[in-house]
Structures are given as structure tokens and as C-alpha cells.
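> Before we start, here is the structure in question, set down as C-alpha cells.
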2 protein chains.
Amino acid sequence: MLEYIMAKREYELGSAEFQILKALWEKGPSPVRDVLTHLHERGRNVAYTTVQTLLTRLEQKGFVASDKSGLAYVFRATLSRDRVRKSRIKSLVSQLYDGAAAPLVLQLIRSGSFSEDEIKSLQQMIDELDTSDDGSKS
Amino acid sequence: MLEYIMAKREYELGSAEFQILKALWEKGPSPVRDVLTHLHERGRNVAYTTVQTLLTRLEQKGFVASDKSGLAYVFRATLSRDRVRKSRIKSLVSQLYDGAAAPLVLQLIRSGSFSEDEIKSLQQMIDELDTSDDGSKS
DNA sequence: CTGTTCCTACTACACGTGTCGGAGAGAGCC
DNA sequence: GGCTCTCTCCGACACGTGTAGTAGGAACAG
């Protein structure tokens with residue numbers, strides 16, 4: 001079994017680009033203006049053209065698609081947030097722990113990253129995991 | 001509630017730089033040549049001077065220190081691997097899940113990242129977590 | 001029509017990062 | 001004493017990414 005040697009490049013996103021995607025995930029398909037507004041609302045002050053550039057680049061990379069609808073182009077993410085999250089996590093785990101996920105969780109536990117409620121949920125989830133047996137794959 | 005908007009810069013490391021650090025963590029303090037060899041052994045073919053540049057930059061950033069010992073400088077990491085891991089994880093969690101760690105674990109669970117043994121260990125760790133109470137913080 | 005507004009298309013530019021090459025100084029070998 | 005090997009020091013360069021200005025067309029207000 002080859003598994004993955006290096007988490008294969010993953011989705012190449014800069015952090016500004018990522019934030020754009022986030023906006024699209026949260027607001028759904030939007031024109032430049034709306035994405036900009038969204039960002040401004042979260043305290044991220046960038047210029048209109050900056051957002052546009054980012055959106056364009058994202059589109060070139062295939063992470064976003066656009067349709068001319070009326071006055072302006074409407075952009076939408078072509079990747080699900082989950083997919084990107086998954087990829088990112090995998091990449092991190094691979095980089096930090098050579099692919100072993102458990103140490104990551106251990107680390108989180110040790111650094112007190114969970115609230116009591118979360119701990120309870122986790123217990124439950126893990127218990128279920130133990131019994132349930134869906135062999136879903138990537 | 002301000003929380004943290006952006007996980008504060010963290011340790012700024014490029015992936016090539018990170019690999020250098022990794023080498024130092026794994027082999028302990030080493031001169032350029034040894035780091036290079038280490039990298040070559042893992043199939044990473046870079047030039048001697050590349051490694052040197054990286055080491056130098058790392059030193060400028062304060063992540064590495066060096067001492068002239070005999071012929072060549074010996075470099076050593078000034079950050080623990082754990083510290084960097086922690087920072088990286090925090091940064092990821094902040095970016096992907098607005099700081100909530102539990103969803104990350106959920107994601108790992110859903111994508112079948114754990115072996116049975118790991119699940120068992122996790123159960124145990126989390127159970128302990130529930131009772132033990134060290135309020136350690138970052 | 002005409003001025004204002006809004007959008008897109010280009011172009012630009014500074015930085016960080018990955019990658020090296022060449023010049024020069026010591027250490028050793030013959 | 002030179003030749004060679006190995007370091008270190010600098011300088012360089014291509015790319016990716018973040019950020020934005022400007023030009024020019026389209027739409028809309030009067």
C-alpha cells in the first residue's frame with residue numbers, strides 16, 4: 001500500500017485567497033462587491049480591485065467559477081469547504097506527525113483545547129465510532 | 001468578545017524552512033553538511049548553499065542558533081518541535097474552524113483517520129481528561 | 001445627451017520564499 | 001608551498017502572493 005508519500009500538493013491557497021473562499025462559502029455565490037463588503041464587515045479592509053484580483057486568480061486555479069448575471073459577475077466556490085478543510089488537515093498531519101492523526105488529538109487535549117461540553121461530545125462520537133461500522137472512504 | 005481574529009502571525013515558516021528544522025529536531029545540532037545529507041537521504045535534493053541560506057534565514061528569524069565548533073558552524077533549533085506543532089495546529093484550527101478544536105477531531109473521525117488502537121487510546125485519554133484537571137494554558 | 005457610478009481588464013510592485021552560483025578563506029595532502 | 005576540498009559570505013533570480021491603481025466600457029440619473 002502506497003498510501004500517500006507527501007499529501008500531494010493539496011489545494012494551493014494563500015491566506016488572502018482562503019479568506020475570499022470563506023466569504024463565498026458563507027454568503028454563497030456573490031459578486032465582487034458583496035465579497036468585499038463581507039470582508040469589510042469582518043474588519044478586513046482591502047480594496048475592491050484586490051478582491052477582484054484574488055477572485056480572478058482563484059478562478060484561474062479552478063477553485064472558483066463565475067457567471068455573468070446581470071450587471072456583474074457572480075462568483076461561486078467550486079470546492080466545498082469540507083473538502084478544503086480535509087485537505088488542509090491531512091496536509092498538516094502529514095507535515096507535523098508523518099500522517100498519524102492521533103498525536104494531533106493528543107496535542108489538542110494536552111493544550112486544553114476542549115471545553116467540557118466538547119469533551120462529552122467527543123466521548124460520544126468516539127464511542128459511536130467504535131461500534132458503528134460504515135466503511136466510507138475518501 | 002474579540003476572541004482572536006487571526007491567530008497572531010504564529011511562527012512564519014516556509015515549508016522548506018520547516019524541513020530544515022525537522023532535520024535539526026531529528027538529528028540534533030548539526031552543521032550544514034549533515035542537514036544536507038539528512039535531506040538527501042529523504043529524497044530531498046537541494047544544493048548545499050540552499051540549505052545554508054535556509055539555515056541562515058532561520059537564524060535571522062531566531063528559530064535556529066549556531067556555534068562555531070571546529071571547522072564549521074553547528075546549527076541547532078531554538079524552538080521545540082512541540083511548540084511549533086502547537087502553534088501550527090492552533091493556527092489551522094483558527095483558520096478552518098474559527099478556533100473550535102472539536103470539529104477538527106470530528107473531521108478526522110469522519111474521514112477514518114484512526115486505527116482501532118488509536119480509537120481506544122483516544123477514548124482513554126479523553127476519559128482521563130474528563131477527570132483530571134490541569135488548567136494549563138498556552 | 002452628459003456626468004457619475006460601477007464593473008472588468010490590465011498592469012504594477014513589494015515581499016517572502018525556494019534555489020543557487022561564485023568569490024574567498026582555512027585546513028590538509030603530497 | 002601549491003592544489004584541493006570545504007566552509008562561509010554575498011548576491012541573484014524566479015515565482016507566488018497580497019495589494020492596489022488606472023483605463024475604458026456600460027448603466028443609470030437628470
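Going by the C-alpha cells order, chains are called A, B, ..., each with residues numbered from 1, while ligands are numbered from 1 in the order shown.
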Fewer than 6 positions away in the same chain doesn't count, so skip those; otherwise give me all residues within 12 Å of range 61-63 of chain B, counting only C-alpha atoms (C1' of nucleotides), as a PyMOL selection string.
chain B and resi 11-14+17-18+20-22+24-25+54-55+75-81+83-84
> For chain B against chain C, which residues fall within 9 Å using only C-alpha atoms (C1' of nucleotides), given as a VMD selection string?
chain B and resid 14 to 17 46 to 50 54 71
> Which residues of chain A come within 8 Å of chain B, and what is each one's closest atom pair and distance in Å (one decimal), counting only C-alpha atoms, sorted by chain and residue number, as JSON lines?

{"residue": "A:Arg85", "atom": "CA", "partner": "B:Leu96", "partner_atom": "CA", "distance": 6.4}
{"residue": "A:Lys86", "atom": "CA", "partner": "B:Gln107", "partner_atom": "CA", "distance": 7.2}
{"residue": "A:Ile89", "atom": "CA", "partner": "B:Leu92", "partner_atom": "CA", "distance": 7.9}
{"residue": "A:Leu92", "atom": "CA", "partner": "B:Ile89", "partner_atom": "CA", "distance": 7.9}
{"residue": "A:Leu96", "atom": "CA", "partner": "B:Arg85", "partner_atom": "CA", "distance": 6.4}
{"residue": "A:Ala100", "atom": "CA", "partner": "B:Ser113", "partner_atom": "CA", "distance": 7.9}
{"residue": "A:Ala101", "atom": "CA", "partner": "B:Ser113", "partner_atom": "CA", "distance": 6.2}
{"residue": "A:Ala102", "atom": "CA", "partner": "B:Glu118", "partner_atom": "CA", "distance": 6.3}
{"residue": "A:Val105", "atom": "CA", "partner": "B:Val105", "partner_atom": "CA", "distance": 6.8}
{"residue": "A:Leu106", "atom": "CA", "partner": "B:Leu122", "partner_atom": "CA", "distance": 7.7}
{"residue": "A:Gln107", "atom": "CA", "partner": "B:Lys86", "partner_atom": "CA", "distance": 7.2}
{"residue": "A:Leu108", "atom": "CA", "partner": "B:Ala101", "partner_atom": "CA", "distance": 7.4}
{"residue": "A:Ile109", "atom": "CA", "partner": "B:Leu129", "partner_atom": "CA", "distance": 7.5}
{"residue": "A:Ser111", "atom": "CA", "partner": "B:Lys137", "partner_atom": "CA", "distance": 6.6}
{"residue": "A:Gly112", "atom": "CA", "partner": "B:Ser136", "partner_atom": "CA", "distance": 6.8}
{"residue": "A:Ser113", "atom": "CA", "partner": "B:Ala101", "partner_atom": "CA", "distance": 6.2}
{"residue": "A:Phe114", "atom": "CA", "partner": "B:Ala101", "partner_atom": "CA", "distance": 6.6}
{"residue": "A:Glu116", "atom": "CA", "partner": "B:Asp130", "partner_atom": "CA", "distance": 7.5}
{"residue": "A:Glu118", "atom": "CA", "partner": "B:Ala102", "partner_atom": "CA", "distance": 6.2}
{"residue": "A:Ile119", "atom": "CA", "partner": "B:Ile126", "partner_atom": "CA", "distance": 6.9}
{"residue": "A:Leu122", "atom": "CA", "partner": "B:Ala102", "partner_atom": "CA", "distance": 7.2}
{"residue": "A:Gln123", "atom": "CA", "partner": "B:Gln123", "partner_atom": "CA", "distance": 6.6}
{"residue": "A:Met125", "atom": "CA", "partner": "B:Leu106", "partner_atom": "CA", "distance": 7.7}
{"residue": "A:Ile126", "atom": "CA", "partner": "B:Gln123", "partner_atom": "CA", "distance": 6.7}
{"residue": "A:Asp127", "atom": "CA", "partner": "B:Gln123", "partner_atom": "CA", "distance": 7.5}
{"residue": "A:Leu129", "atom": "CA", "partner": "B:Ile109", "partner_atom": "CA", "distance": 7.6}
{"residue": "A:Asp130", "atom": "CA", "partner": "B:Ile119", "partner_atom": "CA", "distance": 7.3}
{"residue": "A:Ser136", "atom": "CA", "partner": "B:Ser111", "partner_atom": "CA", "distance": 7.8}
{"residue": "A:Lys137", "atom": "CA", "partner": "B:Ser111", "partner_atom": "CA", "distance": 7.0}
{"residue": "A:Ser138", "atom": "CA", "partner": "B:Ser111", "partner_atom": "CA", "distance": 6.6}
> Those residues you just picked out, can you put them in a file as a CSV table (one decimal), in the first residue's frame with N, CA, C and O atoms?

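Result file is result-v2.csv:
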chain,number,residue,atom,x,y,z
A,85,ARG,N,-11.0,21.8,4.0
A,85,ARG,CA,-10.6,21.5,5.4
A,85,ARG,C,-9.9,20.2,5.5
A,85,ARG,O,-8.9,20.0,6.1
A,86,LYS,N,-10.5,19.2,4.9
A,86,LYS,CA,-10.0,17.9,4.9
A,86,LYS,C,-8.5,17.9,4.3
A,86,LYS,O,-7.6,17.3,4.9
A,89,ILE,N,-6.1,19.6,6.7
A,89,ILE,CA,-5.8,18.8,7.9
A,89,ILE,C,-4.9,17.7,7.5
A,89,ILE,O,-3.9,17.5,8.2
A,92,LEU,N,-1.5,19.0,7.1
A,92,LEU,CA,-0.8,19.4,8.4
A,92,LEU,C,-0.4,18.1,9.1
A,92,LEU,O,0.7,18.0,9.6
A,96,LEU,N,3.3,17.5,10.3
A,96,LEU,CA,3.7,17.6,11.7
A,96,LEU,C,3.9,16.2,12.3
A,96,LEU,O,4.8,16.0,13.1
A,100,ALA,N,0.2,10.6,11.1
A,100,ALA,CA,-0.6,10.0,12.2
A,100,ALA,C,-1.5,11.0,12.9
A,100,ALA,O,-1.0,12.0,13.4
A,101,ALA,N,-2.7,10.8,12.9
A,101,ALA,CA,-3.7,11.8,13.4
A,101,ALA,C,-3.8,11.8,14.9
A,101,ALA,O,-4.0,12.8,15.5
A,102,ALA,N,-3.6,10.6,15.5
A,102,ALA,CA,-3.8,10.6,16.9
A,102,ALA,C,-3.0,11.6,17.7
A,102,ALA,O,-3.5,12.2,18.6
A,105,VAL,N,-4.6,14.9,18.0
A,105,VAL,CA,-5.6,15.0,19.0
A,105,VAL,C,-5.0,15.0,20.4
A,105,VAL,O,-5.5,15.8,21.3
A,106,LEU,N,-4.0,14.2,20.6
A,106,LEU,CA,-3.4,14.2,21.9
A,106,LEU,C,-2.9,15.6,22.2
A,106,LEU,O,-3.1,16.2,23.3
A,107,GLN,N,-2.3,16.2,21.2
A,107,GLN,CA,-1.8,17.6,21.4
A,107,GLN,C,-2.9,18.5,21.8
A,107,GLN,O,-2.7,19.4,22.7
A,108,LEU,N,-4.0,18.4,21.1
A,108,LEU,CA,-5.1,19.3,21.4
A,108,LEU,C,-5.6,19.1,22.8
A,108,LEU,O,-5.9,20.0,23.6
A,109,ILE,N,-5.6,17.8,23.2
A,109,ILE,CA,-6.1,17.5,24.5
A,109,ILE,C,-5.1,18.1,25.6
A,109,ILE,O,-5.6,18.8,26.5
A,111,SER,N,-3.2,20.6,25.3
A,111,SER,CA,-3.2,22.0,25.4
A,111,SER,C,-4.5,22.6,25.8
A,111,SER,O,-4.8,23.8,25.7
A,112,GLY,N,-5.4,21.7,26.4
A,112,GLY,CA,-6.7,22.2,26.9
A,112,GLY,C,-7.5,22.9,25.9
A,112,GLY,O,-8.1,23.9,26.1
A,113,SER,N,-7.6,22.3,24.7
A,113,SER,CA,-8.4,23.0,23.7
A,113,SER,C,-9.9,22.6,23.7
A,113,SER,O,-10.7,23.2,22.9
A,114,PHE,N,-10.3,21.8,24.6
A,114,PHE,CA,-11.7,21.4,24.6
A,114,PHE,C,-12.4,21.8,25.9
A,114,PHE,O,-11.9,21.8,27.0
A,116,GLU,N,-15.7,21.4,28.4
A,116,GLU,CA,-16.3,20.2,28.9
A,116,GLU,C,-17.4,19.6,28.0
A,116,GLU,O,-17.4,18.4,27.7
A,118,GLU,N,-17.5,19.9,24.9
A,118,GLU,CA,-16.8,19.3,23.7
A,118,GLU,C,-16.3,17.9,24.1
A,118,GLU,O,-16.4,17.0,23.3
A,119,ILE,N,-15.8,17.8,25.3
A,119,ILE,CA,-15.3,16.6,25.7
A,119,ILE,C,-16.4,15.5,25.7
A,119,ILE,O,-16.2,14.4,25.2
A,122,LEU,N,-17.2,14.6,22.2
A,122,LEU,CA,-16.1,13.7,21.6
A,122,LEU,C,-16.2,12.3,22.2
A,122,LEU,O,-16.1,11.3,21.4
A,123,GLN,N,-16.4,12.2,23.4
A,123,GLN,CA,-16.6,10.9,24.0
A,123,GLN,C,-17.6,10.1,23.3
A,123,GLN,O,-17.5,9.0,22.8
A,125,MET,N,-18.9,10.7,20.3
A,125,MET,CA,-18.6,10.4,18.9
A,125,MET,C,-17.7,9.3,18.8
A,125,MET,O,-17.8,8.4,17.9
A,126,ILE,N,-16.7,9.3,19.7
A,126,ILE,CA,-15.7,8.2,19.6
A,126,ILE,C,-16.3,6.9,20.0
A,126,ILE,O,-16.0,5.8,19.3
A,127,ASP,N,-17.2,6.9,20.9
A,127,ASP,CA,-17.9,5.7,21.3
A,127,ASP,C,-18.6,5.1,20.1
A,127,ASP,O,-18.6,4.0,19.8
A,129,LEU,N,-18.2,5.7,17.1
A,129,LEU,CA,-17.2,5.3,16.1
A,129,LEU,C,-16.8,3.8,16.3
A,129,LEU,O,-16.7,3.0,15.4
A,130,ASP,N,-16.6,3.5,17.6
A,130,ASP,CA,-16.2,2.2,17.9
A,130,ASP,C,-17.1,1.1,17.5
A,130,ASP,O,-16.8,0.1,17.1
A,136,SER,N,-16.9,4.0,5.0
A,136,SER,CA,-16.8,5.0,4.0
A,136,SER,C,-15.3,5.4,3.7
A,136,SER,O,-14.5,5.3,4.6
A,137,LYS,N,-15.1,5.7,2.5
A,137,LYS,CA,-13.7,6.1,2.2
A,137,LYS,C,-13.6,7.5,1.7
A,137,LYS,O,-14.6,8.2,1.5
A,138,SER,N,-12.4,7.9,1.4
A,138,SER,CA,-12.2,9.3,0.9
A,138,SER,C,-13.0,9.6,-0.4
A,138,SER,O,-12.7,9.2,-1.4
> Hey, list the chain D side of the contact with chain A: 9 Å cut-off, only C-alpha atoms (C1' of nucleotides), answer as a PyMOL selection string.
chain D and resi 16-21+26-27
> Please identify the alpha helix (DSSP H) residues within chain B (assignment by DSSP from backbone atoms) and present them as a short mmCIF file (atom, residue, chain, number, x, y, z; two decimals) with N, CA, C and O atoms, in the first residue's frame.

data_model
loop_
_atom_site.label_atom_id
_atom_site.label_comp_id
_atom_site.auth_asym_id
_atom_site.auth_seq_id
_atom_site.Cartn_x
_atom_site.Cartn_y
_atom_site.Cartn_z
N SER B 15 7.76 26.01 3.86
CA SER B 15 7.84 24.57 4.03
C SER B 15 9.27 24.06 3.90
O SER B 15 9.64 23.06 4.52
N ALA B 16 10.07 24.73 3.12
CA ALA B 16 11.46 24.31 3.02
C ALA B 16 12.17 24.59 4.34
O ALA B 16 12.98 23.80 4.81
N GLU B 17 11.85 25.70 4.92
CA GLU B 17 12.45 26.05 6.20
C GLU B 17 12.05 25.03 7.25
O GLU B 17 12.85 24.61 8.07
N PHE B 18 10.80 24.68 7.19
CA PHE B 18 10.29 23.72 8.15
C PHE B 18 11.04 22.40 8.06
O PHE B 18 11.36 21.77 9.06
N GLN B 19 11.33 22.02 6.86
CA GLN B 19 12.03 20.76 6.69
C GLN B 19 13.44 20.81 7.27
O GLN B 19 13.96 19.80 7.74
N ILE B 20 14.01 21.97 7.21
CA ILE B 20 15.32 22.13 7.80
C ILE B 20 15.21 21.94 9.31
O ILE B 20 15.99 21.21 9.93
N LEU B 21 14.23 22.58 9.87
CA LEU B 21 14.02 22.46 11.31
C LEU B 21 13.81 21.00 11.68
O LEU B 21 14.36 20.51 12.67
N LYS B 22 13.02 20.36 10.89
CA LYS B 22 12.76 18.95 11.12
C LYS B 22 14.06 18.17 11.21
O LYS B 22 14.25 17.34 12.09
N ALA B 23 14.92 18.46 10.27
CA ALA B 23 16.20 17.77 10.26
C ALA B 23 16.94 18.01 11.58
O ALA B 23 17.49 17.09 12.19
N LEU B 24 16.91 19.26 12.02
CA LEU B 24 17.62 19.57 13.25
C LEU B 24 16.97 18.87 14.45
O LEU B 24 17.65 18.42 15.36
N TRP B 25 15.67 18.80 14.42
CA TRP B 25 14.99 18.13 15.52
C TRP B 25 15.35 16.65 15.54
O TRP B 25 15.52 16.05 16.57
N GLU B 26 15.42 16.10 14.36
CA GLU B 26 15.67 14.67 14.29
C GLU B 26 17.12 14.27 14.51
O GLU B 26 17.41 13.25 15.12
N LYS B 27 18.02 15.08 14.01
CA LYS B 27 19.42 14.72 14.16
C LYS B 27 20.12 15.47 15.27
O LYS B 27 21.26 15.20 15.60
N VAL B 32 25.83 22.38 8.40
CA VAL B 32 25.13 22.39 7.12
C VAL B 32 25.22 21.05 6.40
O VAL B 32 24.20 20.50 5.97
N ARG B 33 26.42 20.57 6.31
CA ARG B 33 26.64 19.33 5.58
C ARG B 33 25.73 18.20 6.05
O ARG B 33 25.14 17.47 5.24
N ASP B 34 25.62 18.05 7.34
CA ASP B 34 24.80 16.96 7.87
C ASP B 34 23.32 17.16 7.58
O ASP B 34 22.60 16.21 7.30
N VAL B 35 22.89 18.40 7.68
CA VAL B 35 21.50 18.67 7.37
C VAL B 35 21.25 18.30 5.91
O VAL B 35 20.26 17.66 5.57
N LEU B 36 22.18 18.71 5.10
CA LEU B 36 22.06 18.40 3.68
C LEU B 36 21.95 16.91 3.44
O LEU B 36 21.06 16.43 2.73
N THR B 37 22.84 16.19 4.06
CA THR B 37 22.83 14.74 3.92
C THR B 37 21.48 14.17 4.36
O THR B 37 20.87 13.35 3.67
N HIS B 38 21.06 14.64 5.49
CA HIS B 38 19.77 14.19 6.01
C HIS B 38 18.67 14.39 4.99
O HIS B 38 17.86 13.50 4.73
N LEU B 39 18.66 15.56 4.41
CA LEU B 39 17.63 15.85 3.42
C LEU B 39 17.77 14.94 2.21
O LEU B 39 16.78 14.41 1.69
N HIS B 40 18.99 14.76 1.78
CA HIS B 40 19.21 13.90 0.62
C HIS B 40 18.71 12.49 0.90
O HIS B 40 18.09 11.85 0.05
N GLU B 41 18.96 12.06 2.11
CA GLU B 41 18.51 10.72 2.48
C GLU B 41 17.00 10.57 2.35
O GLU B 41 16.48 9.49 2.06
N TYR B 48 23.87 22.48 -1.47
CA TYR B 48 24.48 22.83 -0.19
C TYR B 48 24.14 24.26 0.19
O TYR B 48 23.70 24.54 1.30
N THR B 49 24.34 25.15 -0.73
CA THR B 49 24.10 26.56 -0.40
C THR B 49 22.63 26.87 -0.12
O THR B 49 22.33 27.82 0.59
N THR B 50 21.78 26.06 -0.68
CA THR B 50 20.36 26.27 -0.39
C THR B 50 20.11 26.01 1.08
O THR B 50 19.47 26.81 1.78
N VAL B 51 20.64 24.91 1.53
CA VAL B 51 20.47 24.58 2.94
C VAL B 51 21.08 25.68 3.80
O VAL B 51 20.50 26.11 4.79
N GLN B 52 22.21 26.14 3.38
CA GLN B 52 22.86 27.17 4.15
C GLN B 52 22.02 28.43 4.22
O GLN B 52 21.85 29.03 5.28
N THR B 53 21.50 28.82 3.08
CA THR B 53 20.65 30.00 3.05
C THR B 53 19.48 29.84 4.00
O THR B 53 19.15 30.73 4.79
N LEU B 54 18.86 28.70 3.91
CA LEU B 54 17.70 28.44 4.76
C LEU B 54 18.09 28.52 6.22
O LEU B 54 17.41 29.16 7.03
N LEU B 55 19.18 27.89 6.54
CA LEU B 55 19.65 27.91 7.92
C LEU B 55 19.91 29.35 8.37
O LEU B 55 19.55 29.75 9.47
N THR B 56 20.52 30.10 7.51
CA THR B 56 20.81 31.49 7.85
C THR B 56 19.53 32.28 8.08
O THR B 56 19.42 33.04 9.05
N ARG B 57 18.59 32.09 7.20
CA ARG B 57 17.33 32.81 7.37
C ARG B 57 16.64 32.40 8.65
O ARG B 57 16.09 33.22 9.38
N LEU B 58 16.67 31.14 8.90
CA LEU B 58 16.06 30.63 10.13
C LEU B 58 16.74 31.28 11.33
O LEU B 58 16.10 31.62 12.32
N GLU B 59 18.02 31.45 11.21
CA GLU B 59 18.75 32.05 12.32
C GLU B 59 18.35 33.51 12.48
O GLU B 59 18.14 34.00 13.58
N GLN B 60 18.22 34.20 11.36
CA GLN B 60 17.79 35.59 11.43
C GLN B 60 16.44 35.71 12.09
O GLN B 60 16.16 36.65 12.83
N ARG B 81 9.99 21.22 18.83
CA ARG B 81 9.10 20.74 17.79
C ARG B 81 7.66 20.86 18.28
O ARG B 81 6.75 21.21 17.53
N ASP B 82 7.50 20.59 19.53
CA ASP B 82 6.17 20.64 20.11
C ASP B 82 5.56 22.03 20.04
O ASP B 82 4.38 22.20 19.77
N ARG B 83 6.39 22.97 20.30
CA ARG B 83 5.92 24.35 20.29
C ARG B 83 5.42 24.74 18.90
O ARG B 83 4.39 25.38 18.74
N VAL B 84 6.19 24.36 17.94
CA VAL B 84 5.82 24.68 16.58
C VAL B 84 4.55 23.94 16.18
O VAL B 84 3.64 24.50 15.57
N ARG B 85 4.50 22.71 16.58
CA ARG B 85 3.31 21.93 16.26
C ARG B 85 2.08 22.61 16.85
O ARG B 85 1.07 22.79 16.19
N LYS B 86 2.22 22.95 18.08
CA LYS B 86 1.12 23.58 18.78
C LYS B 86 0.65 24.84 18.05
O LYS B 86 -0.54 25.03 17.80
N SER B 87 1.61 25.63 17.72
CA SER B 87 1.29 26.87 17.04
C SER B 87 0.60 26.63 15.71
O SER B 87 -0.37 27.30 15.33
N ARG B 88 1.15 25.67 14.99
CA ARG B 88 0.59 25.35 13.70
C ARG B 88 -0.84 24.86 13.80
O ARG B 88 -1.72 25.23 13.03
N ILE B 89 -1.05 24.03 14.76
CA ILE B 89 -2.38 23.47 14.95
C ILE B 89 -3.35 24.57 15.31
O ILE B 89 -4.44 24.68 14.74
N LYS B 90 -2.92 25.39 16.21
CA LYS B 90 -3.79 26.46 16.64
C LYS B 90 -4.17 27.34 15.46
O LYS B 90 -5.33 27.73 15.28
N SER B 91 -3.17 27.62 14.68
CA SER B 91 -3.41 28.45 13.52
C SER B 91 -4.39 27.79 12.56
O SER B 91 -5.29 28.44 12.01
N LEU B 92 -4.21 26.51 12.36
CA LEU B 92 -5.12 25.81 11.45
C LEU B 92 -6.54 25.80 11.99
O LEU B 92 -7.50 26.10 11.27
N VAL B 93 -6.65 25.47 13.24
CA VAL B 93 -7.97 25.40 13.85
C VAL B 93 -8.65 26.76 13.77
O VAL B 93 -9.84 26.86 13.51
N SER B 94 -7.86 27.76 13.98
CA SER B 94 -8.43 29.10 13.91
C SER B 94 -8.89 29.43 12.51
O SER B 94 -9.95 30.03 12.30
N GLN B 95 -8.10 29.02 11.55
CA GLN B 95 -8.47 29.33 10.18
C GLN B 95 -9.65 28.51 9.68
O GLN B 95 -10.57 29.03 9.06
N LEU B 96 -9.61 27.24 9.97
CA LEU B 96 -10.65 26.37 9.44
C LEU B 96 -11.94 26.35 10.25
O LEU B 96 -13.02 26.22 9.70
N TYR B 97 -11.80 26.46 11.55
CA TYR B 97 -13.00 26.31 12.38
C TYR B 97 -13.19 27.44 13.38
O TYR B 97 -13.80 27.25 14.42
N ALA B 102 -12.94 20.93 18.46
CA ALA B 102 -13.74 19.71 18.34
C ALA B 102 -14.10 19.33 16.90
O ALA B 102 -13.99 18.17 16.53
N PRO B 103 -14.52 20.30 16.10
CA PRO B 103 -14.87 19.95 14.73
C PRO B 103 -13.71 19.31 13.97
O PRO B 103 -13.91 18.48 13.09
N LEU B 104 -12.54 19.71 14.35
CA LEU B 104 -11.36 19.13 13.69
C LEU B 104 -11.32 17.64 13.99
O LEU B 104 -11.16 16.82 13.09
N VAL B 105 -11.49 17.33 15.22
CA VAL B 105 -11.46 15.93 15.60
C VAL B 105 -12.59 15.18 14.92
O VAL B 105 -12.40 14.08 14.40
N LEU B 106 -13.71 15.81 14.89
CA LEU B 106 -14.85 15.20 14.22
C LEU B 106 -14.50 14.88 12.78
O LEU B 106 -14.77 13.79 12.27
N GLN B 107 -13.89 15.83 12.15
CA GLN B 107 -13.48 15.64 10.77
C GLN B 107 -12.53 14.45 10.63
O GLN B 107 -12.67 13.62 9.74
N LEU B 108 -11.60 14.39 11.55
CA LEU B 108 -10.64 13.28 11.50
C LEU B 108 -11.37 11.96 11.68
O LEU B 108 -11.09 10.97 11.00
N ILE B 109 -12.30 11.97 12.58
CA ILE B 109 -13.06 10.76 12.83
C ILE B 109 -13.83 10.36 11.57
O ILE B 109 -13.78 9.23 11.12
N ARG B 110 -14.51 11.34 11.01
CA ARG B 110 -15.32 11.04 9.83
C ARG B 110 -14.51 10.54 8.66
O ARG B 110 -14.99 9.77 7.85
N GLU B 116 -8.07 1.25 15.01
CA GLU B 116 -8.80 0.81 16.20
C GLU B 116 -8.02 1.10 17.46
O GLU B 116 -8.55 1.58 18.46
N ASP B 117 -6.76 0.81 17.40
CA ASP B 117 -5.93 1.06 18.57
C ASP B 117 -5.95 2.52 18.96
O ASP B 117 -6.07 2.87 20.13
N GLU B 118 -5.85 3.32 17.95
CA GLU B 118 -5.84 4.76 18.23
C GLU B 118 -7.15 5.18 18.87
O GLU B 118 -7.17 5.99 19.79
N ILE B 119 -8.21 4.62 18.36
CA ILE B 119 -9.51 4.97 18.92
C ILE B 119 -9.55 4.60 20.40
O ILE B 119 -9.98 5.39 21.24
N LYS B 120 -9.05 3.44 20.68
CA LYS B 120 -9.02 3.01 22.08
C LYS B 120 -8.22 4.00 22.92
O LYS B 120 -8.66 4.45 23.98
N SER B 121 -7.06 4.34 22.42
CA SER B 121 -6.22 5.27 23.17
C SER B 121 -6.94 6.59 23.38
O SER B 121 -6.93 7.16 24.47
N LEU B 122 -7.56 7.03 22.32
CA LEU B 122 -8.25 8.31 22.41
C LEU B 122 -9.34 8.26 23.46
O LEU B 122 -9.47 9.16 24.27
N GLN B 123 -10.09 7.19 23.42
CA GLN B 123 -11.16 7.06 24.41
C GLN B 123 -10.58 7.21 25.80
O GLN B 123 -11.07 7.96 26.63
N GLN B 124 -9.51 6.50 25.99
CA GLN B 124 -8.89 6.52 27.30
C GLN B 124 -8.42 7.93 27.67
O GLN B 124 -8.71 8.45 28.74
N MET B 125 -7.72 8.54 26.73
CA MET B 125 -7.20 9.87 27.01
C MET B 125 -8.30 10.85 27.33
O MET B 125 -8.20 11.66 28.24
N ILE B 126 -9.36 10.75 26.57
CA ILE B 126 -10.44 11.69 26.78
C ILE B 126 -11.13 11.43 28.10
O ILE B 126 -11.53 12.35 28.81
N ASP B 127 -11.24 10.17 28.43
CA ASP B 127 -11.85 9.85 29.71
C ASP B 127 -11.02 10.45 30.84
O ASP B 127 -11.55 11.09 31.75
N GLU B 128 -9.73 10.28 30.73
CA GLU B 128 -8.87 10.84 31.76
C GLU B 128 -9.03 12.35 31.82
O GLU B 128 -9.11 12.95 32.89
N LEU B 129 -9.07 12.91 30.67
CA LEU B 129 -9.22 14.35 30.56
C LEU B 129 -10.40 14.81 31.40
O LEU B 129 -10.35 15.82 32.09
N ASP B 130 -11.43 14.03 31.32
CA ASP B 130 -12.68 14.39 31.97
C ASP B 130 -12.49 14.54 33.47
O ASP B 130 -13.06 15.43 34.10
N THR B 131 -11.67 13.68 34.03
CA THR B 131 -11.49 13.73 35.47
C THR B 131 -10.33 14.63 35.88
O THR B 131 -10.49 15.52 36.70
#
> Please return as a PyMOL selection string: the residues of range 9-138 of chain A that backbone DSSP assigns to strand (DSSP E).
chain A and resi 30-31+64-69+72-77
> At what distance in Å, to one decimal, does C1' of DC9 in chain D lie from CA of Val74 in chain B?
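Going from CA of Val74 in chain B over to C1' of DC9 in chain D covers 16.3 Å.
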> What does the distance from C1' of DT4 in chain D to CA of Gly70 in chain B come to in Å, to one decimal?
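Between these atoms lies a distance of 19.6 Å.
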